[in-house]
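So this block is data38.cif, mmCIF, C-alpha atoms:
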```cif
data_input
#
loop_
_atom_site.label_atom_id
_atom_site.label_comp_id
_atom_site.auth_asym_id
_atom_site.auth_seq_id
_atom_site.Cartn_x
_atom_site.Cartn_y
_atom_site.Cartn_z
CA MET A 1452 74.11 71.49 110.96
CA ARG A 1453 74.44 74.93 112.45
CA ASN A 1454 74.00 78.06 110.38
CA GLY A 1455 75.76 80.92 112.15
CA LEU A 1456 74.39 83.59 109.80
CA GLN A 1457 70.82 82.39 110.23
CA GLU A 1458 71.23 82.33 114.00
CA TRP A 1459 72.47 85.92 113.93
CA MET A 1460 69.57 87.01 111.70
CA ASP A 1461 66.96 85.37 113.93
CA GLY A 1462 68.55 86.56 117.16
CA TYR A 1463 69.73 84.44 120.05
CA ILE A 1464 70.34 84.63 123.80
CA THR A 1465 72.75 82.99 126.22
CA ILE A 1466 70.97 81.61 129.29
CA THR A 1467 72.18 80.19 132.61
CA VAL A 1468 70.00 77.36 133.99
CA ARG A 1469 70.11 76.37 137.65
CA GLY A 1470 68.76 72.99 138.74
CA LYS A 1471 69.67 69.40 139.42
CA ARG A 1472 67.89 68.11 136.31
CA PHE A 1473 69.59 70.36 133.74
CA GLU A 1474 70.49 67.45 131.41
CA ARG A 1475 66.94 66.06 131.45
CA MET A 1476 65.58 69.48 130.53
CA LEU A 1477 67.97 69.63 127.56
CA ASN A 1478 66.99 66.17 126.33
CA MET A 1479 63.30 67.03 126.48
CA ALA A 1480 63.87 70.28 124.57
CA VAL A 1481 65.96 68.63 121.82
CA ARG A 1482 63.30 65.93 121.31
CA GLU A 1483 60.82 68.74 120.62
CA GLY A 1484 63.09 70.22 117.91
CA ILE A 1485 64.44 73.16 119.89
CA ARG A 1486 67.90 74.25 118.71
CA ILE A 1487 70.38 74.54 121.58
CA TRP A 1488 74.15 74.91 121.21
CA ASN A 1489 77.29 75.87 123.16
CA ILE A 1490 76.14 73.69 126.07
CA ARG A 1491 78.60 73.63 129.02
CA ARG A 1492 78.63 73.14 132.78
CA VAL A 1493 79.68 76.20 134.80
CA GLY A 1494 78.93 74.82 138.25
CA GLN A 1495 77.69 71.76 140.15
CA GLU A 1496 74.04 72.53 139.44
CA VAL A 1497 74.51 75.32 136.90
CA GLY A 1498 74.63 75.00 133.09
CA ARG A 1499 74.82 77.49 130.28
CA CYS A 1500 73.72 77.34 126.63
CA ASP A 1501 72.67 79.42 123.60
CA ILE A 1502 69.14 79.34 122.19
CA LEU A 1503 67.09 81.23 119.56
CA ILE A 1504 64.72 83.93 120.79
CA ARG A 1505 61.66 82.22 119.33
CA ASP A 1506 62.55 78.94 121.09
CA TYR A 1507 63.14 80.49 124.51
CA PHE A 1508 59.44 80.62 125.37
CA ARG A 1509 58.99 76.99 124.29
CA LEU A 1510 61.34 75.99 127.16
CA ARG A 1511 58.87 77.03 129.90
CA PRO A 1512 57.03 73.69 130.26
CA PHE A 1513 60.32 71.77 130.37
CA LEU A 1514 61.79 74.15 132.95
CA LYS A 1515 58.66 73.83 135.09
CA GLU A 1516 58.65 70.04 134.85
CA THR A 1517 62.37 69.68 135.80
CA GLY A 1518 62.37 72.44 138.42
CA CYS A 1519 65.09 74.51 136.66
CA ARG A 1520 65.29 78.30 136.72
CA PRO A 1521 66.65 80.25 133.70
CA HIS A 1522 68.49 83.57 133.66
CA VAL A 1523 69.37 85.54 130.48
CA GLU A 1524 73.07 86.38 130.45
CA ARG A 1525 73.60 87.87 127.00
CA ARG A 1526 71.62 88.91 123.96
CA GLY A 1527 72.95 88.85 120.39
CA GLY A 1528 71.89 88.97 116.75
CA LEU A 1529 70.14 91.34 114.35
CA PRO A 1530 66.96 92.08 116.38
CA PHE A 1531 68.91 93.32 119.39
CA TRP A 1532 71.31 95.24 117.11
CA LEU A 1533 68.35 97.05 115.51
CA VAL A 1534 66.99 97.94 118.94
CA ARG A 1535 70.30 99.53 119.89
CA LEU A 1536 70.37 101.45 116.60
CA ARG A 1537 66.88 102.79 117.23
CA ARG A 1538 68.13 104.36 120.44
CA ARG A 1539 70.91 106.12 118.45
CA ALA A 1540 68.88 107.26 115.45
CA GLY A 1541 70.85 110.50 115.07
CA LEU A 1542 74.15 108.69 114.86
CA VAL A 1543 72.76 106.23 112.31
CA ILE A 1544 71.34 108.98 110.11
CA GLY A 1545 74.57 110.96 110.27
CA ALA A 1546 76.71 107.94 109.41
CA SER A 1547 74.36 107.05 106.54
CA LEU A 1548 74.49 110.58 105.12
CA PHE A 1549 78.29 110.57 105.42
CA LEU A 1550 78.59 107.29 103.51
CA VAL A 1551 76.19 108.50 100.83
CA GLY A 1552 78.09 111.76 100.48
CA LEU A 1553 81.41 109.95 100.34
CA TYR A 1554 80.08 107.65 97.64
CA MET A 1555 78.72 110.59 95.64
CA LEU A 1556 82.01 112.49 95.87
CA SER A 1557 83.99 109.44 94.79
CA SER A 1558 81.73 109.09 91.73
CA PHE A 1559 83.13 112.29 90.16
CA VAL A 1560 86.45 113.11 88.50
CA TRP A 1561 88.21 115.85 90.46
CA GLU A 1562 91.64 115.85 88.81
CA VAL A 1563 92.90 115.30 85.24
CA GLU A 1564 96.62 114.52 84.87
CA VAL A 1565 98.49 114.40 81.55
CA ARG A 1566 101.65 112.30 81.37
CA GLY A 1567 104.27 111.47 78.76
CA VAL A 1568 104.15 114.68 76.68
CA LYS A 1569 107.46 116.15 75.52
CA GLN A 1570 106.87 118.09 72.31
CA MET A 1571 103.10 118.51 72.77
CA ARG A 1572 101.59 121.01 75.19
CA PRO A 1573 99.72 119.45 78.16
CA GLU A 1574 97.06 122.17 77.79
CA ALA A 1575 96.29 120.96 74.26
CA VAL A 1576 95.78 117.40 75.52
CA SER A 1577 93.56 118.64 78.38
CA MET A 1578 91.42 120.68 75.96
CA ALA A 1579 91.00 117.69 73.64
CA ALA A 1580 90.05 115.51 76.61
CA ALA A 1581 87.52 118.10 77.80
CA GLN A 1582 85.77 117.86 74.42
CA LEU A 1583 85.13 114.18 75.21
CA GLY A 1584 83.91 114.97 78.72
CA ILE A 1585 87.11 114.15 80.59
CA LYS A 1586 87.31 117.16 82.88
CA GLU A 1587 87.09 118.12 86.52
CA GLY A 1588 83.67 117.66 88.08
CA VAL A 1589 82.33 115.16 85.53
CA TRP A 1590 80.33 112.19 86.77
CA LYS A 1591 82.25 109.02 85.99
CA ALA A 1592 79.08 107.17 85.00
CA LYS A 1593 78.59 109.61 82.09
CA LEU A 1594 82.00 108.83 80.59
CA LYS A 1595 82.31 106.34 77.77
CA GLU A 1596 84.33 103.15 77.99
CA SER A 1597 88.10 103.62 78.23
CA HIS A 1598 88.84 102.06 74.83
CA VAL A 1599 86.27 104.36 73.17
CA LEU A 1600 87.75 107.44 74.86
CA GLN A 1601 91.25 106.38 73.80
CA ARG A 1602 90.23 105.97 70.17
CA GLU A 1603 88.37 109.29 69.99
CA LEU A 1604 91.14 111.15 71.83
CA LEU A 1605 93.72 109.71 69.44
CA ASN A 1606 91.71 111.14 66.53
CA LEU A 1607 91.86 114.59 68.16
CA LEU A 1608 95.64 114.37 68.73
CA PRO A 1609 97.39 113.63 65.41
CA GLU A 1610 100.81 114.15 67.05
CA ALA A 1611 100.23 111.13 69.32
CA SER A 1612 100.81 107.51 68.33
CA ARG A 1613 99.00 106.08 71.36
CA VAL A 1614 96.76 107.37 74.15
CA ILE A 1615 95.82 105.53 77.36
CA VAL A 1616 92.96 106.78 79.56
CA ASP A 1617 92.95 105.37 83.10
CA ILE A 1618 90.42 106.38 85.77
CA GLN A 1619 91.93 105.82 89.21
CA GLY A 1620 89.49 106.81 91.94
CA THR A 1621 88.75 110.51 91.47
CA LYS A 1622 91.74 111.07 89.14
CA ALA A 1623 91.77 110.67 85.36
CA ILE A 1624 95.25 109.88 84.04
CA ILE A 1625 95.93 110.45 80.33
CA GLN A 1626 99.16 108.78 79.19
CA VAL A 1627 100.35 110.05 75.79
CA VAL A 1628 102.95 108.39 73.58
CA GLU A 1629 104.12 110.88 70.95
CA LYS A 1630 105.02 110.00 67.40
CA GLU A 1631 108.73 109.80 66.75
CA GLU A 1632 109.41 111.55 63.48
CA PRO A 1633 112.52 110.15 61.81
CA GLU A 1634 115.28 112.65 61.35
CA LYS A 1635 115.79 113.54 57.74
CA PRO A 1636 119.23 112.39 56.70
CA VAL A 1637 121.55 115.21 55.69
CA PRO A 1638 122.90 114.50 52.22
CA PRO A 1639 126.67 114.05 52.46
CA SER A 1640 128.85 116.64 50.78
CA PRO A 1641 131.08 115.65 47.84
CA ARG A 1642 134.22 113.88 48.99
CA HIS A 1643 137.06 111.52 48.09
CA LEU A 1644 138.28 108.54 50.07
CA VAL A 1645 142.03 108.67 50.66
CA ALA A 1646 144.50 106.46 52.52
CA LYS A 1647 145.12 107.36 56.15
CA LYS A 1648 148.24 105.14 56.41
CA ARG A 1649 150.91 103.55 54.28
CA ALA A 1650 149.62 100.13 53.28
CA VAL A 1651 149.20 97.49 50.59
CA VAL A 1652 145.64 97.35 49.27
CA HIS A 1653 144.01 94.04 50.17
CA THR A 1654 140.40 94.60 49.06
CA ILE A 1655 138.56 97.55 47.47
CA LEU A 1656 134.77 97.63 47.16
CA PRO A 1657 133.55 101.02 45.80
CA GLU A 1658 129.85 101.79 46.30
CA ALA A 1659 129.84 105.35 44.93
CA GLY A 1660 132.64 107.01 43.05
CA ARG A 1661 135.50 105.73 40.93
CA SER A 1662 138.22 103.33 42.11
CA MET A 1663 141.73 104.79 41.71
CA VAL A 1664 143.87 101.87 42.99
CA LYS A 1665 144.08 98.11 42.54
CA VAL A 1666 144.51 95.13 44.81
CA ASN A 1667 148.14 94.51 45.97
CA GLN A 1668 149.06 98.11 45.12
CA PHE A 1669 151.25 100.01 47.61
CA VAL A 1670 149.72 103.34 48.67
CA GLU A 1671 151.12 106.26 50.64
CA LYS A 1672 149.31 108.25 53.29
CA GLY A 1673 146.90 110.72 51.62
CA GLN A 1674 146.81 108.89 48.28
CA MET A 1675 143.37 108.83 46.65
CA LEU A 1676 141.63 105.46 46.85
CA ILE A 1677 138.09 106.19 45.57
CA SER A 1678 137.45 109.42 43.66
CA GLY A 1679 134.27 111.38 44.22
CA ILE A 1680 134.39 112.86 40.68
CA ILE A 1681 132.53 110.78 38.12
CA GLY A 1682 131.80 111.27 34.43
CA ASN A 1683 134.04 112.20 31.49
CA GLU A 1684 136.00 115.29 30.59
CA ALA A 1685 132.99 116.89 28.94
CA ARG A 1686 130.58 116.27 31.79
CA GLN A 1687 131.69 115.74 35.39
CA LYS A 1688 129.84 115.45 38.66
CA ALA A 1689 131.02 115.41 42.28
CA VAL A 1690 129.49 112.81 44.59
CA ALA A 1691 130.15 111.52 48.08
CA ALA A 1692 132.49 108.61 47.52
CA ARG A 1693 131.54 105.49 49.49
CA GLY A 1694 133.10 102.10 49.77
CA THR A 1695 135.32 99.78 51.76
CA VAL A 1696 139.07 99.72 51.31
CA LYS A 1697 141.09 97.37 53.49
CA GLY A 1698 144.85 97.28 53.46
CA GLU A 1699 147.73 95.50 55.11
CA VAL A 1700 149.47 97.81 57.59
CA TRP A 1701 152.64 97.10 59.60
CA TYR A 1702 153.32 97.93 63.23
CA VAL A 1703 156.30 97.45 65.52
CA SER A 1704 155.37 97.28 69.22
CA ASN A 1705 157.90 97.56 72.06
CA ILE A 1706 156.60 96.19 75.38
CA SER A 1707 158.19 95.70 78.78
CA ILE A 1708 156.70 93.45 81.49
CA PRO A 1709 158.02 93.29 85.09
CA LEU A 1710 158.75 89.77 86.28
CA THR A 1711 157.38 90.57 89.74
CA GLN A 1712 153.63 91.08 89.63
CA VAL A 1713 151.75 92.62 92.56
CA HIS A 1714 148.07 91.77 93.06
CA TYR A 1715 145.74 92.78 95.85
CA ARG A 1716 143.32 90.47 97.65
CA LEU A 1717 140.67 91.12 100.29
CA THR A 1718 141.53 90.01 103.81
CA GLY A 1719 137.89 89.96 104.96
CA GLU A 1720 138.34 92.77 107.48
CA ARG A 1721 135.84 95.59 107.12
CA GLN A 1722 134.85 98.72 108.95
CA GLN A 1723 132.12 101.27 108.44
CA LYS A 1724 132.04 105.01 108.98
CA GLN A 1725 128.75 106.83 109.50
CA TYR A 1726 128.36 110.46 108.42
CA LEU A 1727 125.58 112.99 108.92
CA LEU A 1728 125.04 115.01 105.74
CA VAL A 1729 124.08 118.65 106.17
CA GLY A 1730 124.00 120.38 102.80
CA PRO A 1731 127.48 120.05 101.24
CA TYR A 1732 129.08 119.05 104.57
CA ALA A 1733 129.58 115.56 106.01
CA VAL A 1734 130.11 115.15 109.76
CA GLN A 1735 131.47 111.81 110.99
CA VAL A 1736 129.42 110.49 113.90
CA TRP A 1737 130.76 106.92 114.16
CA PRO A 1738 133.20 105.47 115.12
CA PHE A 1739 134.72 107.90 117.60
CA LYS A 1740 138.11 106.19 117.44
CA GLU A 1741 139.24 105.08 114.02
CA GLN A 1742 141.84 102.42 113.21
CA PRO A 1743 142.62 102.94 109.53
CA PHE A 1744 143.84 100.08 107.35
CA ALA A 1745 147.21 100.30 105.65
CA GLN A 1746 145.53 99.66 102.28
CA ALA A 1747 141.79 99.49 101.66
CA GLU A 1748 139.05 99.74 99.06
CA SER A 1749 136.19 102.11 99.84
CA SER A 1750 132.56 102.23 98.80
CA GLU A 1751 129.79 104.52 100.00
CA GLU A 1752 126.00 104.62 100.19
CA ARG A 1753 123.94 107.78 100.57
CA PHE A 1754 120.39 108.25 101.82
CA GLN A 1755 118.65 111.59 101.38
CA PRO A 1756 114.83 111.51 101.48
CA SER A 1757 113.06 113.18 98.58
CA TYR A 1758 109.43 113.90 97.76
CA ALA A 1759 107.81 115.46 94.69
CA GLY A 1760 111.14 116.51 93.23
CA PHE A 1761 112.41 118.09 96.47
CA THR A 1762 115.47 116.50 98.07
CA SER A 1763 116.12 117.07 101.76
CA PRO A 1764 119.46 118.74 102.59
CA ILE A 1765 119.71 116.40 105.60
CA GLY A 1766 120.89 112.87 104.89
CA TRP A 1767 123.07 109.98 105.91
CA LYS A 1768 126.19 108.47 104.37
CA THR A 1769 127.82 105.11 105.10
CA VAL A 1770 131.40 104.51 103.96
CA THR A 1771 132.56 100.89 103.96
CA GLN A 1772 136.30 100.18 103.91
CA ALA A 1773 137.56 96.70 103.02
CA GLU A 1774 141.17 95.89 103.85
CA VAL A 1775 143.33 94.61 100.99
CA GLN A 1776 146.72 92.94 101.17
CA PRO A 1777 149.36 92.98 98.41
CA VAL A 1778 150.40 89.58 97.05
CA ARG A 1779 153.61 89.27 95.02
CA ARG A 1780 154.06 86.69 92.30
CA GLU A 1781 157.19 85.93 90.26
CA LEU A 1782 156.63 85.21 86.55
CA SER A 1783 158.70 82.79 84.57
CA MET A 1784 160.28 83.86 81.27
CA ASP A 1785 157.58 82.07 79.25
CA GLU A 1786 154.77 83.60 81.29
CA ALA A 1787 156.28 87.08 80.93
CA LEU A 1788 156.63 86.65 77.15
CA ALA A 1789 153.03 85.47 76.84
CA ALA A 1790 151.80 88.46 78.87
CA ALA A 1791 153.94 90.85 76.79
CA LYS A 1792 152.60 89.43 73.50
CA GLN A 1793 149.00 89.79 74.71
CA ALA A 1794 149.60 93.40 75.80
CA ALA A 1795 151.24 94.14 72.42
CA ARG A 1796 148.27 92.67 70.51
CA GLU A 1797 145.77 94.74 72.49
CA ASP A 1798 147.83 97.89 71.89
CA VAL A 1799 148.06 97.28 68.14
CA LEU A 1800 144.35 96.53 67.75
CA ARG A 1801 143.55 99.69 69.70
CA GLN A 1802 145.64 101.69 67.22
CA ALA A 1803 144.25 99.89 64.16
CA GLY A 1804 140.63 100.57 65.07
CA LYS A 1805 137.38 98.66 64.76
CA ASP A 1806 137.23 95.36 62.79
CA ALA A 1807 141.02 95.16 62.49
CA VAL A 1808 142.52 91.67 62.27
CA ILE A 1809 146.10 90.61 63.01
CA GLN A 1810 147.31 88.51 60.09
CA ASP A 1811 150.88 87.81 61.18
CA GLU A 1812 153.23 88.55 64.06
CA LYS A 1813 156.98 88.04 64.45
CA VAL A 1814 159.16 88.55 67.51
CA LEU A 1815 162.10 90.78 66.55
CA HIS A 1816 163.88 90.89 69.88
CA ALA A 1817 163.33 89.61 73.44
CA LYS A 1818 165.59 90.03 76.47
CA ARG A 1819 165.51 89.90 80.27
CA GLU A 1820 167.11 92.77 82.11
CA ASN A 1821 166.74 94.54 85.49
CA GLY A 1822 163.79 92.39 86.57
CA LYS A 1823 161.84 93.02 83.37
CA VAL A 1824 161.28 91.32 80.02
CA TYR A 1825 161.65 93.58 76.98
CA LEU A 1826 159.93 92.49 73.77
CA SER A 1827 159.93 93.96 70.27
CA ILE A 1828 157.35 92.40 67.96
CA HIS A 1829 156.31 93.06 64.36
CA PHE A 1830 152.63 92.84 63.36
CA SER A 1831 150.91 92.66 59.99
CA VAL A 1832 147.35 93.96 60.42
CA LEU A 1833 144.41 94.01 58.02
CA GLU A 1834 142.34 97.15 58.64
CA ASP A 1835 140.19 99.81 57.01
CA ILE A 1836 142.56 102.43 55.56
CA ALA A 1837 140.02 104.81 53.95
CA VAL A 1838 139.32 108.28 55.33
CA GLU A 1839 137.13 111.06 53.92
CA GLN A 1840 138.55 114.12 52.16
CA PRO A 1841 136.14 116.88 51.05
CA ILE A 1842 136.10 118.03 47.42
CA LEU A 1843 136.62 121.77 47.44
CA GLY A 1844 135.93 122.43 43.75
CA LEU A 1845 135.37 120.79 40.37
CA PRO A 1846 137.85 121.25 37.51
CA PRO A 1847 136.33 123.45 34.80
CA ALA A 1848 134.76 121.49 31.91
CA PRO A 1849 136.00 122.39 28.36
CA ASN A 1850 133.69 124.35 26.00
CA ALA A 1851 131.97 122.56 23.15
CA ASN A 1852 134.00 124.54 20.50
CA GLY A 1853 137.29 123.57 22.13
CA ASN A 1854 138.13 127.12 23.32
CA PRO A 1855 139.17 127.51 26.94
#
```
Structure re-expressed in structure tokens:
Amino acid sequence: MRNGLQEWMDGYITITVRGKRFERMLNMAVREGIRIWNIRRVGQEVGRCDILIRDYFRLRPFLKETGCRPHVERRGGLPFWLVRLRRRAGLVIGASLFLVGLYMLSSFVWEVEVRGVKQMRPEAVSMAAAQLGIKEGVWKAKLKESHVLQRELLNLLPEASRVIVDIQGTKAIIQVVEKEEPEKPVPPSPRHLVAKKRAVVHTILPEAGRSMVKVNQFVEKGQMLISGIIGNEARQKAVAARGTVKGEVWYVSNISIPLTQVHYRLTGERQQKQYLLVGPYAVQVWPFKEQPFAQAESSEERFQPSYAGFTSPIGWKTVTQAEVQPVRRELSMDEALAAAKQAAREDVLRQAGKDAVIQDEKVLHAKRENGKVYLSIHFSVLEDIAVEQPILGLPPAPNANGNP
């Protein structure tokens, strides 16, 4: 089995052998253990092959016996490569010194970058890192393991919740994750909860304060639901009333829906316009002759190269127009009523606010006139009716002796 690396290390030559008994010479050499490969005929009485340098001189008796004449065509392998290098000693020394210098320069840290800081000063992080040896000009082999540096640096930076030290080539990157201090909640000021609409109380769940109404009680707008004043007449305290008060509120919605609905669909026809951007100006460069669509939807894409936070004032914009075609559809009376009811529900829930639920609905009036369906519908909605009202002052408490 051939070993290409070993052949290159030992050195080999390519020879051309002339003679009528070329094959006999090869057979004799192989029987003696001489390694020959890449054997091929290049002429009627000419053959060519590769052989190791040390075996070349062992061919002489076989060449003499068969009457063949050898000629060295090519030399290859490590010995010949070293000979060529010896002739260019200056180049070899210079290249070696360059590689050594390059390796030495790449073994030092030449830049320290701090990332992720918002509240902290980057200079403070750099100073803390310098105490651990992470600074410009330090030999990377003298630095401790990354996990050790991260732990020690975290001890020096109490404002950080996590520190990552990453050595990339000649740059040391310090990624800092700052601690997020929770905002201190502002204590709410004393307040009542009052009704924001006329309603019938459905549920009342006071969390702080005193309940002033009962379930199934009718309340007017502005009426107190949960009082923020607790205690008795002798000792009172104002608190921020909290709780949930849901009531049944009534709405009447008047909706009109046209029987002829117009929708737009894409026809599949498109065209693009190309613009050259120069500062705030856009100059159309293509197409030269434009055939605008009667109705179209437009979208645009912009390309402006940027680097290191600087955006070039020169760019390119592509505007794509897609043709649309109106499609008319006639609704039946039932379809128009269903669409009107759905629109009325969405309108009422938008007015009622979050977590509102429609309990009951009743159509008051429906008619078809002038190509439209007019609908009047009554809704009963369960929603949160409480709203805050600040307490401006406490009533004066009576004196212990009963005198005002």
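Distances from A:Gln1582, A:Gln1776, A:Ser1763, A:Thr1517 to Val1713 (chain A) were compared using only C-alpha atoms, and the smallest one belongs to A:Gln1776.
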Could you check the closest approach to Lys1724 (chain A) for each of A:His1816, A:Lys1768, A:Arg1693, A:Lys1665 and tell me which residue wins, using only C-alpha atoms?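 Closest to Lys1724 (chain A), using only C-alpha atoms: A:Lys1768.
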Protein/DNA/RNA residues near (111.5, 109.8, 108.0), cut 12 Å, only C-alpha atoms, as a list in words = Phe1754, Gln1755, Pro1756, Ser1757, Tyr1758, Ser1763, Ile1765, Gly1766 and Trp1767 of chain A
Please dump the current selection as a compact mmCIF listing (two decimals), in the frame of the given file; keep C-alpha atoms.
```
# COMPACT_ATOMS: atom_id res chain seq x y z
CA PHE A 1754 120.39 108.25 101.82
CA GLN A 1755 118.65 111.59 101.38
CA PRO A 1756 114.83 111.51 101.48
CA SER A 1757 113.06 113.18 98.58
CA TYR A 1758 109.43 113.90 97.76
CA SER A 1763 116.12 117.07 101.76
CA ILE A 1765 119.71 116.40 105.60
CA GLY A 1766 120.89 112.87 104.89
CA TRP A 1767 123.07 109.98 105.91
```
Val1645 (chain A) proximity check over A:Lys1595, A:Arg1491, A:Lys1697, A:Arg1472, using all atoms listed in the file: winner is A:Lys1697
Output check: residues returned by the PyMOL selection byres ((chain A and resi 1479) around 12), as a PyMOL selection string: chain A and resi 1472-1478+1480-1487+1509-1517
**Item:** Selection result of the PyMOL selection byres ((chain A and resi 1598-1603) around 12) on this file, as number ranges by chain
**Value:** A: 1579-1585, 1593-1597, 1604-1609, 1611-1618, 1623-1628
Task: Answer key for the PyMOL selection byres ((chain A and resi 1560) around 9), residues as a list of chain:residue names - done: A:Leu1556, A:Ser1557, A:Ser1558, A:Phe1559, A:Trp1561, A:Glu1562, A:Val1563, A:Ile1585, A:Lys1586, A:Glu1587, A:Gly1588, A:Val1589, A:Trp1590, A:Lys1591, A:Ile1618, A:Gly1620, A:Thr1621, A:Lys1622, A:Ala1623
With all atoms listed in the file as the counted atoms, please give the residues lying no more than 12 Å from Ala1733 (chain A), apart from itself and same-chain residues fewer than 2 positions off, as a PyMOL selection string.
chain A and resi 1724-1731+1735-1737+1753+1764-1770
- Message: I need the residue nearest Val1576 (chain A) from this list: A:Leu1548, A:Glu1629, A:Phe1508, A:Leu1529. Use only C-alpha atoms for the distance.
- Response: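 Result for the nearest residue to Val1576 (chain A): A:Glu1629.
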message = For a test of reading the model, state the distance in Å between CA of Gly1528 (chain A) and CA of Arg1505 (chain A), rounded to one decimal.
response =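 Going from CA of Gly1528 (chain A) over to CA of Arg1505 (chain A) covers 12.5 Å.
Reported to one decimal place, the separation of CA of Thr1762 (chain A) from CA of Pro1738 (chain A) is 27.0 Å.
Pairwise distance (CA of Tyr1554 (chain A), CA of Ala1540 (chain A)) equals 21.0 Å.
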